[in-house]
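Enquirer: So that you have it, the file is work_4.csv, and it contains CSV, C-alpha atoms and all ligand atoms:
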chain,number,residue,atom,x,y,z
A,909,MET,CA,-20.8,-26.5,90.1
A,910,THR,CA,-17.6,-24.9,91.2
A,911,GLU,CA,-16.6,-21.4,90.0
A,912,ALA,CA,-13.8,-23.0,87.9
A,913,GLY,CA,-16.3,-25.4,86.4
A,914,ILE,CA,-18.7,-22.5,85.5
A,915,GLN,CA,-15.8,-20.6,83.9
A,916,ALA,CA,-14.8,-23.6,81.9
A,917,THR,CA,-18.4,-24.0,80.8
A,918,ILE,CA,-18.7,-20.4,79.7
A,919,GLY,CA,-15.4,-20.8,77.8
A,920,ALA,CA,-16.7,-23.9,76.1
A,921,MET,CA,-19.9,-22.1,75.2
A,922,LYS,CA,-18.0,-19.1,73.7
A,923,ALA,CA,-16.0,-21.5,71.6
A,924,ALA,CA,-19.1,-23.4,70.6
A,925,THR,CA,-20.9,-20.4,69.4
A,926,GLN,CA,-18.1,-19.7,66.9
A,927,ALA,CA,-18.0,-23.3,65.7
A,928,GLU,CA,-18.7,-24.2,62.2
A,929,GLY,CA,-22.3,-25.2,61.6
A,930,THR,CA,-23.9,-22.9,64.1
A,931,ASN,CA,-26.5,-20.4,62.9
A,932,ALA,CA,-26.4,-16.6,63.6
A,933,GLY,CA,-28.2,-17.2,66.9
A,934,GLY,CA,-25.4,-19.4,68.2
A,935,ALA,CA,-27.1,-22.8,68.4
A,936,PRO,CA,-27.1,-25.5,65.7
A,937,LEU,CA,-30.5,-26.3,64.3
A,938,PRO,CA,-32.0,-29.6,65.6
A,939,GLY,CA,-31.5,-32.6,63.3
A,940,ALA,CA,-34.3,-34.4,61.4
A,941,HIS,CA,-34.7,-37.0,64.2
A,942,ALA,CA,-34.9,-34.5,67.1
A,943,ALA,CA,-37.3,-34.5,70.0
A,944,VAL,CA,-37.8,-30.9,71.0
A,945,PHE,CA,-38.5,-29.8,74.6
A,946,LEU,CA,-39.2,-26.1,75.3
A,947,ASP,CA,-39.6,-24.1,78.4
A,948,ILE,CA,-42.2,-21.3,78.1
A,949,ASP,CA,-41.6,-18.2,80.1
A,950,GLY,CA,-38.4,-16.4,79.2
A,951,THR,CA,-37.8,-18.9,76.4
A,952,LEU,CA,-40.8,-18.7,74.0
A,953,ILE,CA,-42.2,-15.5,75.4
A,954,HIS,CA,-40.8,-12.5,77.3
A,955,PHE,CA,-41.5,-12.2,81.0
A,956,ALA,CA,-44.4,-10.0,82.2
A,957,ASP,CA,-45.0,-8.3,85.5
A,958,ARG,CA,-47.4,-11.1,86.5
A,959,PRO,CA,-47.5,-14.7,85.2
A,960,ASP,CA,-51.2,-14.2,84.2
A,961,ALA,CA,-50.3,-11.1,82.2
A,962,VAL,CA,-48.5,-12.9,79.3
A,963,HIS,CA,-50.1,-13.5,75.9
A,964,ILE,CA,-49.4,-16.2,73.4
A,965,ASP,CA,-49.9,-14.9,69.8
A,966,ALA,CA,-51.4,-17.1,67.0
A,967,ALA,CA,-48.0,-17.0,65.2
A,968,LEU,CA,-46.3,-18.7,68.0
A,969,CYS,CA,-49.0,-21.4,68.2
A,970,GLU,CA,-48.7,-22.0,64.5
A,971,LEU,CA,-44.9,-22.1,64.7
A,972,LEU,CA,-45.0,-24.8,67.5
A,973,GLU,CA,-47.5,-26.8,65.4
A,974,ARG,CA,-45.1,-26.8,62.5
A,975,VAL,CA,-42.2,-27.9,64.8
A,976,ARG,CA,-44.4,-30.7,66.1
A,977,GLU,CA,-45.2,-31.8,62.6
A,978,SER,CA,-41.5,-31.6,61.7
A,979,THR,CA,-40.6,-33.9,64.6
A,980,GLY,CA,-43.3,-36.5,64.0
A,981,GLY,CA,-45.1,-35.2,67.1
A,982,ALA,CA,-42.1,-35.2,69.4
A,983,LEU,CA,-42.6,-31.7,70.9
A,984,ALA,CA,-43.3,-31.0,74.5
A,985,LEU,CA,-43.5,-27.9,76.7
A,986,ILE,CA,-41.7,-28.2,80.0
A,987,SER,CA,-42.8,-25.5,82.4
A,988,GLY,CA,-43.4,-24.5,86.0
A,989,ARG,CA,-46.9,-23.5,85.1
A,990,THR,CA,-49.8,-25.9,85.5
A,991,ILE,CA,-50.9,-27.9,82.5
A,992,GLY,CA,-54.3,-26.2,82.8
A,993,ASP,CA,-52.6,-22.8,82.6
A,994,ILE,CA,-50.5,-23.9,79.6
A,995,ASP,CA,-53.7,-25.1,77.8
A,996,GLU,CA,-55.4,-21.8,78.4
A,997,LEU,CA,-52.4,-19.8,77.2
A,998,PHE,CA,-52.1,-21.8,73.9
A,999,SER,CA,-55.8,-22.5,73.4
A,1000,PRO,CA,-57.1,-24.0,71.1
A,1001,ALA,CA,-53.8,-25.7,70.5
A,1002,ARG,CA,-52.8,-28.5,72.9
A,1003,PHE,CA,-49.3,-29.8,73.3
A,1004,ALA,CA,-47.6,-32.6,75.2
A,1005,ALA,CA,-46.5,-30.9,78.4
A,1006,ALA,CA,-44.9,-31.2,81.8
A,1007,GLY,CA,-46.4,-28.8,84.3
A,1008,GLN,CA,-45.3,-27.7,87.8
A,1009,HIS,CA,-41.7,-28.8,87.1
A,1010,GLY,CA,-42.7,-32.4,86.2
A,1011,SER,CA,-45.3,-32.9,89.0
A,1012,GLU,CA,-47.9,-33.3,86.3
A,1013,ARG,CA,-47.3,-34.5,82.7
A,1014,ARG,CA,-49.4,-35.1,79.6
A,1015,SER,CA,-48.0,-37.6,77.1
A,1016,ALA,CA,-48.2,-37.0,73.4
A,1017,ASP,CA,-51.3,-39.4,73.3
A,1018,GLY,CA,-53.0,-37.3,75.9
A,1019,THR,CA,-52.5,-39.6,78.9
A,1020,MET,CA,-52.1,-37.6,82.2
A,1021,HIS,CA,-49.6,-38.5,84.9
A,1022,PHE,CA,-49.7,-37.0,88.3
A,1023,HIS,CA,-47.1,-36.9,91.1
A,1024,ALA,CA,-49.2,-35.3,93.7
A,1025,PRO,CA,-49.8,-37.5,96.7
A,1026,LEU,CA,-48.7,-34.8,99.0
A,1027,ALA,CA,-51.0,-32.0,97.7
A,1028,PRO,CA,-53.3,-32.0,100.8
A,1029,ARG,CA,-50.3,-31.3,103.1
A,1030,LEU,CA,-49.2,-28.5,100.9
A,1031,ALA,CA,-52.7,-26.9,100.9
A,1032,ALA,CA,-52.7,-26.9,104.7
A,1033,GLN,CA,-49.5,-24.8,104.6
A,1034,ALA,CA,-50.5,-22.4,101.8
A,1035,SER,CA,-52.3,-20.1,104.2
A,1036,ALA,CA,-49.0,-19.1,105.9
A,1037,LEU,CA,-47.5,-18.0,102.6
A,1038,ARG,CA,-50.8,-16.4,101.5
A,1039,GLY,CA,-50.8,-14.2,104.6
A,1040,PHE,CA,-47.1,-13.4,104.1
A,1041,ALA,CA,-47.8,-12.3,100.4
A,1042,GLN,CA,-50.7,-10.2,101.4
A,1043,ALA,CA,-48.7,-8.4,104.0
A,1044,HIS,CA,-46.0,-7.3,101.6
A,1045,GLU,CA,-46.8,-5.1,98.6
A,1046,GLY,CA,-45.7,-6.5,95.3
A,1047,LEU,CA,-45.5,-10.1,96.4
A,1048,LEU,CA,-47.8,-12.6,94.6
A,1049,LEU,CA,-48.6,-16.1,95.7
A,1050,GLU,CA,-49.6,-18.5,92.9
A,1051,GLU,CA,-51.3,-21.6,94.3
A,1052,LYS,CA,-50.9,-24.3,91.7
A,1053,GLY,CA,-52.3,-27.4,93.4
A,1054,THR,CA,-49.2,-29.5,93.8
A,1055,SER,CA,-46.9,-26.6,94.2
A,1056,LEU,CA,-46.8,-23.0,95.5
A,1057,ALA,CA,-44.9,-20.1,93.8
A,1058,LEU,CA,-44.1,-16.9,95.6
A,1059,HIS,CA,-43.3,-14.2,92.9
A,1060,TYR,CA,-41.2,-11.2,93.9
A,1061,ARG,CA,-40.6,-9.6,90.5
A,1062,ASN,CA,-42.5,-6.5,91.6
A,1063,ALA,CA,-40.9,-6.4,95.1
A,1064,PRO,CA,-37.2,-7.3,94.6
A,1065,HIS,CA,-36.3,-5.6,97.8
A,1066,ALA,CA,-38.3,-8.4,99.6
A,1067,ALA,CA,-36.3,-11.2,98.1
A,1068,GLU,CA,-34.3,-12.1,101.2
A,1069,LEU,CA,-37.3,-12.0,103.5
A,1070,ALA,CA,-39.4,-14.0,101.0
A,1071,GLU,CA,-36.7,-16.7,100.9
A,1072,CYS,CA,-36.6,-17.0,104.7
A,1073,GLU,CA,-40.4,-17.4,104.8
A,1074,VAL,CA,-40.4,-20.0,102.0
A,1075,ARG,CA,-37.6,-21.9,103.7
A,1076,ARG,CA,-39.6,-21.9,106.9
A,1077,VAL,CA,-42.6,-23.3,105.1
A,1078,VAL,CA,-40.5,-26.0,103.3
A,1079,GLU,CA,-38.9,-27.1,106.6
A,1080,GLY,CA,-42.4,-27.2,108.2
A,1081,LEU,CA,-43.6,-29.5,105.5
A,1082,GLY,CA,-40.8,-32.0,106.2
A,1083,ASP,CA,-39.7,-34.8,103.9
A,1084,GLY,CA,-41.2,-34.8,100.4
A,1085,PHE,CA,-41.0,-31.1,99.6
A,1086,GLU,CA,-38.2,-28.8,98.4
A,1087,LEU,CA,-37.5,-25.2,97.5
A,1088,GLN,CA,-37.0,-24.5,93.8
A,1089,ALA,CA,-35.6,-21.0,93.1
A,1090,GLY,CA,-36.2,-19.4,89.7
A,1091,LYS,CA,-36.1,-15.9,88.2
A,1092,PHE,CA,-37.8,-13.7,90.8
A,1093,VAL,CA,-39.8,-16.7,92.1
A,1094,LEU,CA,-39.5,-19.1,95.0
A,1095,GLU,CA,-41.4,-22.4,94.7
A,1096,VAL,CA,-42.4,-25.0,97.1
A,1097,LYS,CA,-42.8,-28.3,95.2
A,1098,PRO,CA,-42.8,-32.0,95.9
A,1099,SER,CA,-39.2,-33.4,95.6
A,1100,GLY,CA,-38.3,-36.2,93.3
A,1101,LYS,CA,-39.7,-34.6,90.1
A,1102,ASP,CA,-38.1,-31.9,88.1
A,1103,LYS,CA,-37.7,-30.8,84.5
A,1104,GLY,CA,-35.0,-33.5,84.0
A,1105,THR,CA,-37.2,-36.3,85.2
A,1106,ALA,CA,-40.0,-35.0,83.0
A,1107,ILE,CA,-37.8,-35.1,79.9
A,1108,ALA,CA,-36.6,-38.5,80.8
A,1109,GLU,CA,-40.2,-39.8,81.1
A,1110,PHE,CA,-41.1,-38.3,77.7
A,1111,MET,CA,-38.0,-39.9,76.2
A,1112,ALA,CA,-39.2,-43.4,77.3
A,1113,GLU,CA,-42.5,-42.9,75.3
A,1114,PRO,CA,-43.5,-42.6,71.7
A,1115,PRO,CA,-43.0,-40.5,69.7
A,1116,PHE,CA,-40.0,-39.2,71.6
A,1117,ALA,CA,-38.2,-42.6,72.2
A,1118,GLY,CA,-35.3,-43.2,69.8
A,1119,ARG,CA,-35.1,-39.5,68.9
A,1120,SER,CA,-32.3,-37.1,69.9
A,1121,PRO,CA,-33.5,-34.7,72.6
A,1122,VAL,CA,-33.0,-30.9,72.3
A,1123,PHE,CA,-34.0,-28.8,75.3
A,1124,VAL,CA,-34.2,-25.0,75.3
A,1125,GLY,CA,-34.7,-23.1,78.6
A,1126,ASP,CA,-33.7,-19.9,80.4
A,1127,ASP,CA,-33.8,-20.4,84.1
A,1128,LEU,CA,-32.2,-22.1,87.1
A,1129,THR,CA,-35.0,-24.7,87.0
A,1130,ASP,CA,-34.0,-25.6,83.4
A,1131,GLU,CA,-30.4,-26.6,84.5
A,1132,LEU,CA,-31.8,-30.0,85.7
A,1133,GLY,CA,-33.2,-30.5,82.2
A,1134,PHE,CA,-29.8,-29.5,80.7
A,1135,GLU,CA,-28.0,-31.9,82.9
A,1136,LEU,CA,-30.2,-34.8,81.9
A,1137,VAL,CA,-30.2,-34.0,78.2
A,1138,ASN,CA,-26.4,-33.6,78.1
A,1139,ARG,CA,-26.0,-36.9,79.9
A,1140,ILE,CA,-28.1,-38.8,77.3
A,1141,GLY,CA,-26.2,-37.1,74.4
A,1142,GLY,CA,-28.7,-34.5,73.3
A,1143,GLU,CA,-28.3,-30.7,72.7
A,1144,THR,CA,-29.0,-28.0,75.2
A,1145,VAL,CA,-29.6,-24.4,74.6
A,1146,LYS,CA,-29.7,-21.6,77.3
A,1147,VAL,CA,-31.6,-18.5,76.5
A,1148,GLY,CA,-30.1,-15.3,77.8
A,1149,PRO,CA,-27.1,-14.6,80.0
A,1150,GLY,CA,-25.8,-16.4,83.1
A,1151,PRO,CA,-23.7,-19.5,83.9
A,1152,THR,CA,-25.2,-22.7,82.6
A,1153,ARG,CA,-24.6,-26.4,81.9
A,1154,ALA,CA,-26.2,-25.9,78.4
A,1155,ARG,CA,-23.8,-26.3,75.5
A,1156,TRP,CA,-25.3,-23.6,73.3
A,1157,ARG,CA,-26.9,-20.2,73.8
A,1158,LEU,CA,-29.5,-18.0,72.2
A,1159,GLY,CA,-30.1,-14.3,73.2
A,1160,ASN,CA,-33.8,-14.1,73.9
A,1161,ALA,CA,-37.3,-15.4,73.1
A,1162,ASP,CA,-37.2,-13.6,69.7
A,1163,ASP,CA,-34.0,-15.5,68.8
A,1164,VAL,CA,-35.7,-18.8,69.9
A,1165,ARG,CA,-38.6,-18.2,67.6
A,1166,ARG,CA,-36.3,-17.4,64.6
A,1167,TRP,CA,-34.3,-20.6,65.4
A,1168,LEU,CA,-37.5,-22.7,65.6
A,1169,ALA,CA,-38.8,-21.2,62.3
A,1170,ASP,CA,-35.5,-22.0,60.6
A,1171,PHE,CA,-35.7,-25.5,61.9
A,1172,ALA,CA,-39.3,-26.0,60.7
A,1173,ALA,CA,-38.5,-24.4,57.3
A,1174,ARG,CA,-35.5,-26.7,56.8
A,1175,ALA,CA,-37.4,-29.8,57.9
A,1176,THR,CA,-40.2,-29.2,55.5
A,1177,ALA,CA,-38.0,-28.1,52.5
A,1178,PRO,CA,-38.2,-30.4,49.5
A,1179,ASP,CA,-34.6,-31.6,49.9
A,1180,ALA,CA,-34.8,-31.9,53.7
A,1181,GLY,CA,-34.1,-35.6,53.6
A,1182,ARG,CA,-30.8,-35.0,51.9
A,1183,ARG,CA,-29.7,-32.0,54.0
A,1184,SER,CA,-30.6,-33.2,57.5
A,1185,PRO,CA,-28.0,-35.2,59.4
A,1201,MG,MG,-38.4,-20.0,81.9
Any chance you could put this one into structure tokens?
Ligand SMILES: [Mg+2]
Expert:
Amino acid sequence: MTEAGIQATIGAMKAATQAEGTNAGGAPLPGAHAAVFLDIDGTLIHFADRPDAVHIDAALCELLERVRESTGGALALISGRTIGDIDELFSPARFAAAGQHGSERRSADGTMHFHAPLAPRLAAQASALRGFAQAHEGLLLEEKGTSLALHYRNAPHAAELAECEVRRVVEGLGDGFELQAGKFVLEVKPSGKDKGTAIAEFMAEPPFAGRSPVFVGDDLTDELGFELVNRIGGETVKVGPGPTRARWRLGNADDVRRWLADFAARATAPDAGRRSP
């Protein structure tokens, strides 16, 4: 997107947050026929120093279960984490989910879908990044099976060096892989799948099909999801500051929880049928 385009988007967002019908957080509540797609880190929970240091509280699980009920089951988590990791975080609750930016996906009926024919090639290259991470204090390599994530949240001074190294690995892997940059993380992942394709795949299946998609995310990787959802006429919500393609904005994970709670409360209110669009 050009700088002028970004400025136009920001202007539209400022106007949008003042529009009639928005709640205090700046995004309209999803309608009764919404399909809700949610990123996890930075969207439902605050970031921690390490990806394995976060904790999902029972109240958040309960809230997501209410949102799922309010949407006829059309709730999915869309994350860079693996689905195994997501299940562990939210245990014992289990949600429809896209993991590793869409490289793996679990439909609402529990069916698993994998896009990992290249995983053995990636594993062969992991050792180079593992050695690099070990040689630089504060860097953390997460090996996720079909993707690799080099985190530099605790070593921001090494960002440039880390990017050079990850680019070198991606180039060495050749066709079929790409670099995906996020907040303090550089990922090597199979190309062709992203958060946008994951949402599109969910929207072709029950109980999502025929509903109006709403996607909430906070990071660069979520922009591909925003682009897809905007294109098919849904609502998009960016969490936190920064340029975005999303139409609406919420301040942080606490605001997202309040927004979801308002939605669930409205959807289950006795007169919900009359008030929902
Ligand atoms: Mg995120």
Enquirer: Name the residues, by chain letter and number, that sit within 6 Å of ligand MG 1201 (chain A) using only C-alpha atoms and all ligand atoms, and give them as a ChimeraX atom specification.
Expert: /A:947-951,1125-1127
Enquirer: Quick one: residues within 6 Å of range 1152-1161 of chain A, all atoms listed in the file counted, chain neighbours fewer than 3 positions away excluded, as an MDAnalysis selection string?
Expert: chainID A and resid 921 933:935 951:953 1134 1144:1148 1164
Enquirer: I'd like to know which of A:Val1074, A:Val1093, A:Ala1106, A:Ala1032 is closest to Ala1005 in chain A, using only C-alpha atoms.
Expert: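 Using only C-alpha atoms, Ala1005 in chain A sits closest to A:Ala1106.
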Enquirer: How far is it from CA of Ala1063 in chain A to CA of Glu1045 in chain A, in Å with one decimal?
Expert: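 Computing the Euclidean distance for CA of Ala1063 in chain A and CA of Glu1045 in chain A yields 7.0 Å.
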Enquirer: For Gln1008 in chain A, work out the shell of residues within 6 Å, counting only C-alpha atoms and skipping chain neighbours fewer than 4 positions away, then give it as a ChimeraX atom specification.
Expert: /A:988-990
